[in-house]
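Peer 1: The following file, structure-v4.txt, comprises compact mmCIF, C-alpha atoms:
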```txt
# COMPACT_ATOMS: atom_id res chain seq x y z
CA MET A 1 -266.47 15.53 188.06
CA LEU A 2 -268.14 14.93 191.42
CA PRO A 3 -271.23 17.14 191.51
CA LYS A 4 -272.85 18.27 194.72
CA ARG A 5 -276.29 16.89 195.52
CA PRO A 6 -279.10 19.45 195.20
CA ALA A 7 -280.70 20.76 198.40
CA SER A 8 -283.74 18.53 197.77
CA GLY A 9 -281.52 15.43 198.18
CA LYS A 10 -282.77 14.06 194.88
CA PRO A 11 -280.42 13.36 192.00
CA SER A 12 -280.28 16.09 189.40
CA GLY A 13 -280.85 15.47 185.70
CA ARG A 14 -283.69 15.11 183.25
CA GLY A 15 -286.69 12.93 183.97
CA SER A 16 -288.60 12.34 187.16
CA ARG A 17 -286.62 9.31 188.36
CA PRO A 18 -283.21 7.82 187.74
CA ARG A 19 -282.93 5.05 185.19
CA THR A 20 -281.31 1.71 185.84
CA ILE A 21 -278.72 0.11 183.60
CA ALA A 22 -278.30 -3.63 184.17
CA VAL A 23 -274.89 -5.31 183.96
CA ARG A 24 -275.05 -9.12 183.93
CA GLN A 25 -272.17 -11.55 183.64
CA LYS A 26 -272.02 -13.32 180.29
CA PRO A 27 -272.80 -17.04 180.72
CA GLY A 28 -269.59 -19.04 180.55
CA ASP A 29 -267.26 -16.02 180.81
CA ARG A 30 -266.85 -14.38 184.22
CA LEU A 31 -264.81 -11.51 182.73
CA LYS A 32 -267.43 -10.30 180.25
CA ALA A 33 -270.94 -8.94 180.63
CA LEU A 34 -274.04 -7.82 178.82
CA VAL A 35 -275.10 -4.23 179.56
CA ARG A 36 -278.76 -3.34 179.01
CA ALA A 37 -280.28 0.15 179.01
CA GLY A 38 -283.79 0.40 177.63
CA PRO A 39 -283.73 -1.10 174.14
CA VAL A 40 -279.90 -1.08 173.96
CA ALA A 41 -277.99 -4.25 174.90
CA VAL A 42 -274.22 -4.31 174.36
CA PRO A 43 -271.23 -6.45 175.41
CA ALA A 44 -268.77 -5.23 178.04
CA ALA A 45 -265.56 -6.15 179.83
CA LEU A 46 -265.46 -6.64 183.58
CA GLY A 47 -262.58 -6.59 186.03
CA ARG A 48 -259.89 -9.27 185.93
CA GLY A 49 -261.31 -10.56 189.25
CA GLY A 50 -264.84 -10.96 187.86
CA ILE A 51 -267.84 -9.69 189.82
CA THR A 52 -267.28 -9.59 193.56
CA SER A 53 -269.45 -8.92 196.60
CA PHE A 54 -266.35 -8.15 198.71
CA LYS A 55 -264.47 -5.48 196.72
CA ARG A 56 -261.00 -4.54 197.98
CA GLU A 57 -258.35 -2.21 196.59
CA GLY A 58 -256.22 -3.98 193.98
CA ASP A 59 -258.32 -7.17 193.68
CA GLY A 60 -259.38 -6.37 190.09
CA GLY A 61 -263.00 -7.15 190.92
CA THR A 62 -266.05 -5.35 189.59
CA PRO A 63 -268.30 -4.61 192.58
CA ARG A 64 -271.68 -6.35 192.75
CA ALA A 65 -273.71 -3.25 193.55
CA ALA A 66 -276.12 -0.59 192.34
CA MET A 67 -273.87 2.42 191.74
CA ALA A 68 -275.16 5.88 190.87
CA VAL A 69 -273.55 7.81 188.03
CA LEU A 70 -271.96 10.85 189.70
CA GLY A 71 -270.43 12.60 186.68
CA GLY A 72 -268.55 12.11 183.47
CA PHE A 73 -265.31 13.10 181.79
CA ARG A 74 -263.72 13.22 178.37
CA ARG A 75 -260.18 13.49 177.19
CA GLY A 76 -259.19 17.10 176.53
CA GLY A 77 -259.50 17.99 172.87
CA LEU A 78 -262.37 15.56 172.22
CA LEU A 79 -265.76 17.09 171.63
CA ALA A 80 -268.55 16.03 173.96
CA PRO A 81 -271.12 13.95 172.07
CA ASP A 82 -274.30 15.86 171.26
CA ARG A 83 -276.48 13.18 172.82
CA SER A 84 -274.67 12.82 176.13
CA GLY A 85 -277.08 12.91 179.09
CA ILE A 86 -274.41 14.55 181.29
CA ALA A 87 -272.04 17.42 180.62
CA LEU A 88 -268.62 15.77 180.42
CA SER A 89 -265.73 17.49 182.21
CA ARG A 90 -262.53 17.85 180.20
CA VAL A 91 -259.48 16.06 181.67
CA GLY A 92 -255.88 16.84 180.78
CA PRO A 93 -252.37 15.86 181.81
CA GLY A 94 -252.83 17.39 185.27
CA ASP A 95 -255.78 15.18 186.22
CA GLY A 96 -255.50 11.98 188.23
CA TRP A 97 -257.39 9.74 190.67
CA CYS A 98 -255.89 8.72 194.02
CA ASP A 99 -255.85 4.96 194.68
CA ALA A 100 -253.67 5.01 197.82
CA PRO A 101 -255.88 3.79 200.72
CA SER A 102 -253.76 5.53 203.38
CA HIS A 103 -253.98 8.96 201.71
CA ALA A 104 -256.63 11.54 202.70
CA ALA A 105 -257.56 11.96 199.00
CA TYR A 106 -258.21 8.22 198.55
CA ASN A 107 -260.76 7.57 195.79
CA ARG A 108 -260.91 11.22 194.81
CA GLN A 109 -259.87 13.20 191.76
CA VAL A 110 -256.47 14.84 192.31
CA ARG A 111 -254.14 17.26 190.52
CA LEU A 112 -250.87 15.91 189.15
CA PRO A 113 -248.07 15.71 189.99
CA PHE A 114 -249.29 13.79 193.05
CA ALA A 115 -246.95 12.01 195.46
CA ALA A 116 -249.24 9.10 196.45
CA SER A 117 -250.31 6.22 194.20
CA HIS A 118 -252.77 7.35 191.53
CA GLU A 119 -254.19 6.78 188.06
CA THR A 120 -253.63 9.33 185.31
CA LEU A 121 -256.92 10.31 183.66
CA MET A 122 -255.21 11.58 180.49
CA ARG A 123 -254.09 8.24 179.06
CA THR A 124 -252.10 7.52 175.91
CA ASP A 125 -254.61 4.81 174.92
CA ALA A 126 -258.34 5.39 174.32
CA LEU A 127 -259.66 3.85 177.56
CA TYR A 128 -260.50 7.18 179.19
CA ASP A 129 -261.52 9.05 176.04
CA PHE A 130 -264.96 9.02 177.67
CA GLY A 131 -265.71 7.88 181.19
CA TYR A 132 -268.34 8.02 183.89
CA VAL A 133 -267.62 8.06 187.62
CA LEU A 134 -269.69 5.45 189.47
CA ASP A 135 -270.48 5.84 193.15
CA TRP A 136 -268.43 2.97 194.46
CA ASN A 137 -266.80 3.86 197.77
CA ILE A 138 -267.07 7.60 197.11
CA ARG A 139 -269.96 9.03 199.15
CA ALA A 140 -269.55 6.39 201.88
CA ARG A 141 -265.78 5.90 201.65
CA ARG A 142 -263.88 3.06 203.33
CA ARG A 143 -260.10 2.91 203.14
CA GLY A 144 -259.08 -0.07 201.02
CA GLY A 145 -262.65 -0.61 199.77
CA GLY A 146 -261.73 -0.02 196.12
CA SER A 147 -261.26 3.08 194.02
CA ALA A 148 -261.68 4.51 190.53
CA ILE A 149 -264.65 2.40 189.44
CA PHE A 150 -265.64 3.91 186.11
CA LEU A 151 -267.74 3.09 183.06
CA HIS A 152 -265.30 3.67 180.19
CA VAL A 153 -264.01 2.59 176.77
CA ALA A 154 -262.89 -1.07 176.45
CA ARG A 155 -259.58 -2.46 175.26
CA PRO A 156 -259.65 -4.32 171.94
CA GLY A 157 -261.19 -7.76 172.41
CA TYR A 158 -262.84 -6.66 175.68
CA ARG A 159 -259.79 -7.57 177.71
CA PRO A 160 -260.43 -7.33 181.49
CA THR A 161 -260.24 -4.07 183.40
CA GLU A 162 -258.92 -3.36 186.90
CA GLY A 163 -262.52 -3.42 188.21
CA CYS A 164 -264.36 -1.06 185.89
CA ILE A 165 -267.06 -1.78 183.32
CA ALA A 166 -265.82 -1.13 179.79
CA LEU A 167 -267.70 -0.92 176.49
CA SER A 168 -266.55 -0.42 172.94
CA ARG A 169 -266.30 3.26 172.06
CA ARG A 170 -269.23 2.91 169.64
CA ASP A 171 -271.41 1.20 172.25
CA LEU A 172 -270.51 3.71 174.98
CA LEU A 173 -271.58 6.51 172.61
CA ARG A 174 -274.88 4.62 172.04
CA LEU A 175 -275.39 4.31 175.80
CA MET A 176 -274.63 7.96 176.61
CA PRO A 177 -278.20 9.26 176.17
CA PHE A 178 -279.30 6.88 178.96
CA LEU A 179 -276.66 8.16 181.40
CA ARG A 180 -277.70 10.96 183.74
CA ARG A 181 -276.60 11.95 187.23
CA GLY A 182 -278.31 9.48 189.52
CA THR A 183 -278.74 6.76 186.88
CA ARG A 184 -278.08 3.44 188.62
CA VAL A 185 -275.62 0.99 187.11
CA ARG A 186 -276.67 -2.30 188.70
CA VAL A 187 -274.09 -5.10 188.55
CA VAL A 188 -275.69 -8.46 189.41
```
Could you render the structure as structure tokens?
Peer 2:
Amino acid sequence: MLPKRPASGKPSGRGSRPRTIAVRQKPGDRLKALVRAGPVAVPAALGRGGITSFKREGDGGTPRAAMAVLGGFRRGGLLAPDRSGIALSRVGPGDGWCDAPSHAAYNRQVRLPFAASHETLMRTDALYDFGYVLDWNIRARRRGGGSAIFLHVARPGYRPTEGCIALSRRDLLRLMPFLRRGTRVRVV
């Protein structure tokens, strides 16, 4: 899920420059947002801590930042959408993401079973049916700076996330053609 950067240092993908997707807090509701990519504007859920400039592990905040899309994943057994701008890696019951700040694999994909604290990427609900890994605290990693910040499927009613940005399944599928490696997701 975490691709290597090409020798040129430029993000890979179609087009000459990365696109930007804007995420703005919905007026009057600090836990919801409007996500805009080109002509597409859709509602989204934010973290239970709202948007924060001082993200810390476990605070439930969505980082105020411009985060590059590093890769994408889909639940095993689901077909990748034809219009996805990124090849989506298949995740299964052996895939997880370390969220233990003291562990060497902090904020990295791991194989399960895994002794330290982690998220399971193969969930029983639909939240990780499709997901995109955002470059929050990955390339320049700080222990305790927050982990597993994804763009993924929302809970019914856009209930808050643990810090991710979540869209309805239908809207995430609509947004997929705009998502490439290097696309910036700018939370303001």
Peer 1: List the neighbours of Phe178 in chain A out to 9 Å using only C-alpha atoms; skip same-chain residues closer than 3 positions along the sequence, and give me the result as a PyMOL selection string.
Peer 2: chain A and resi 19-21+37-38+84-85+174-175+183
Peer 1: Skip Ala22 in chain A itself and residues of its chain fewer than 4 positions away, then list as a ChimeraX atom specification all residues within 8 Å of it, counting all atoms listed in the file.
Peer 2: /A:35-37,185-188
Peer 1: I need the chosen residues saved as a CSV table (one decimal), in the frame of the given file, with C-alpha atoms.
Peer 2:
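Final file, again-v4.csv:
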```csv
chain,number,residue,atom,x,y,z
A,35,VAL,CA,-275.1,-4.2,179.6
A,36,ARG,CA,-278.8,-3.3,179.0
A,37,ALA,CA,-280.3,0.2,179.0
A,185,VAL,CA,-275.6,1.0,187.1
A,186,ARG,CA,-276.7,-2.3,188.7
A,187,VAL,CA,-274.1,-5.1,188.6
A,188,VAL,CA,-275.7,-8.5,189.4
```
Peer 1: Work out how far apart CA of Ser168 in chain A and CA of Gly144 in chain A are and give it in Å to one decimal.
Peer 2: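 Computing the Euclidean distance for CA of Ser168 in chain A and CA of Gly144 in chain A yields 29.1 Å.
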Peer 1: Which polymer residues have any atom within 7 Å of an atom of Arg74 in chain A, counting only C-alpha atoms, with same-chain residues fewer than 5 positions away left out, as an mmCIF file with C-alpha atoms, in the coordinates of the input?
Peer 2:
```
data_model
loop_
_atom_site.group_PDB
_atom_site.id
_atom_site.type_symbol
_atom_site.label_atom_id
_atom_site.label_comp_id
_atom_site.auth_asym_id
_atom_site.auth_seq_id
_atom_site.Cartn_x
_atom_site.Cartn_y
_atom_site.Cartn_z
ATOM 1 C CA LEU A 88 -268.620 15.770 180.420
ATOM 2 C CA SER A 89 -265.730 17.490 182.210
ATOM 3 C CA ARG A 90 -262.530 17.850 180.200
ATOM 4 C CA VAL A 91 -259.480 16.060 181.670
ATOM 5 C CA TYR A 128 -260.500 7.180 179.190
ATOM 6 C CA ASP A 129 -261.520 9.050 176.040
ATOM 7 C CA PHE A 130 -264.960 9.020 177.670
ATOM 8 C CA GLY A 131 -265.710 7.880 181.190
#
```
Peer 1: Please write out, as JSON, where the centre of an axis-aligned box around all listed atoms of range 35-51 of chain A lies and how long its edges are, in Å to one decimal, after adding 8 Å on each side.
Peer 2:
```
{"center_x": -271.8, "center_y": -5.3, "center_z": 181.9, "size_x": 39.9, "size_y": 27.4, "size_z": 31.9}
```
Peer 1: Nearest to Met122 in chain A among A:Ala33, A:Leu78, A:Ala100, A:Thr161, with distances taken over only C-alpha atoms: which residue is it?
Peer 2: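 The shortest atom-to-atom distance to Met122 in chain A comes from A:Leu78.
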Peer 1: Report, in Å with one decimal, the straight-line distance from CA of Asp59 in chain A to CA of Glu162 in chain A.
Peer 2: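 Between CA of Asp59 in chain A and CA of Glu162 in chain A the gap works out to 7.8 Å.
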Peer 1: Between CA of Pro160 in chain A and CA of Gly61 in chain A, what is the spacing in Å?
Peer 2: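 Value for the CA of Gly61 in chain A-CA of Pro160 in chain A distance: 9.8 Å.
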Peer 1: Kindly indicate which residue among A:Val133, A:Met176, A:Ile138, A:Ile165 lies nearest to Val23 in chain A, using all atoms listed in the file for the distances.
Peer 2: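 Ranked by minimum distance to Val23 in chain A, first place goes to A:Ile165.
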Peer 1: Would you please work out which residue, of A:Gly58, A:Pro63, A:Pro43, A:Gly72, is nearest to Pro27 in chain A when using all atoms listed in the file?
Peer 2: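 For Pro27 in chain A, the nearest of the given residues is A:Pro43.
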Peer 1: Which of these residues is nearest to Arg180 in chain A, using all atoms listed in the file: A:Leu34, A:Ala80, A:Ala65, A:Ala87?
Peer 2: A:Ala87
Peer 1: Compare A:Tyr158, A:Trp97, A:Tyr132, A:Phe73 by their minimum atom-to-atom distance to Leu179 in chain A, counting all atoms listed in the file, and give me the closest one.
Peer 2: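 Of A:Tyr158, A:Trp97, A:Tyr132, A:Phe73, the one nearest Leu179 in chain A, counting all atoms listed in the file, is A:Tyr132.
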Peer 1: Which residue out of A:Gly163, A:Leu173, A:Pro81, A:Gly182 has the minimum interatomic distance to Gly49 in chain A when all atoms listed in the file are used?
Peer 2: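 Checking each of A:Gly163, A:Leu173, A:Pro81, A:Gly182 against Gly49 in chain A, counting all atoms listed in the file, the winner is A:Gly163.
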Peer 1: Could you give me, as a list in words, the residues within 6 Å of Val153 in chain A, counting all atoms listed in the file and dropping anything in the same chain fewer than 4 positions from it?
Peer 2: Leu127, Ala166, Leu167, Ser168 and Arg169 of chain A
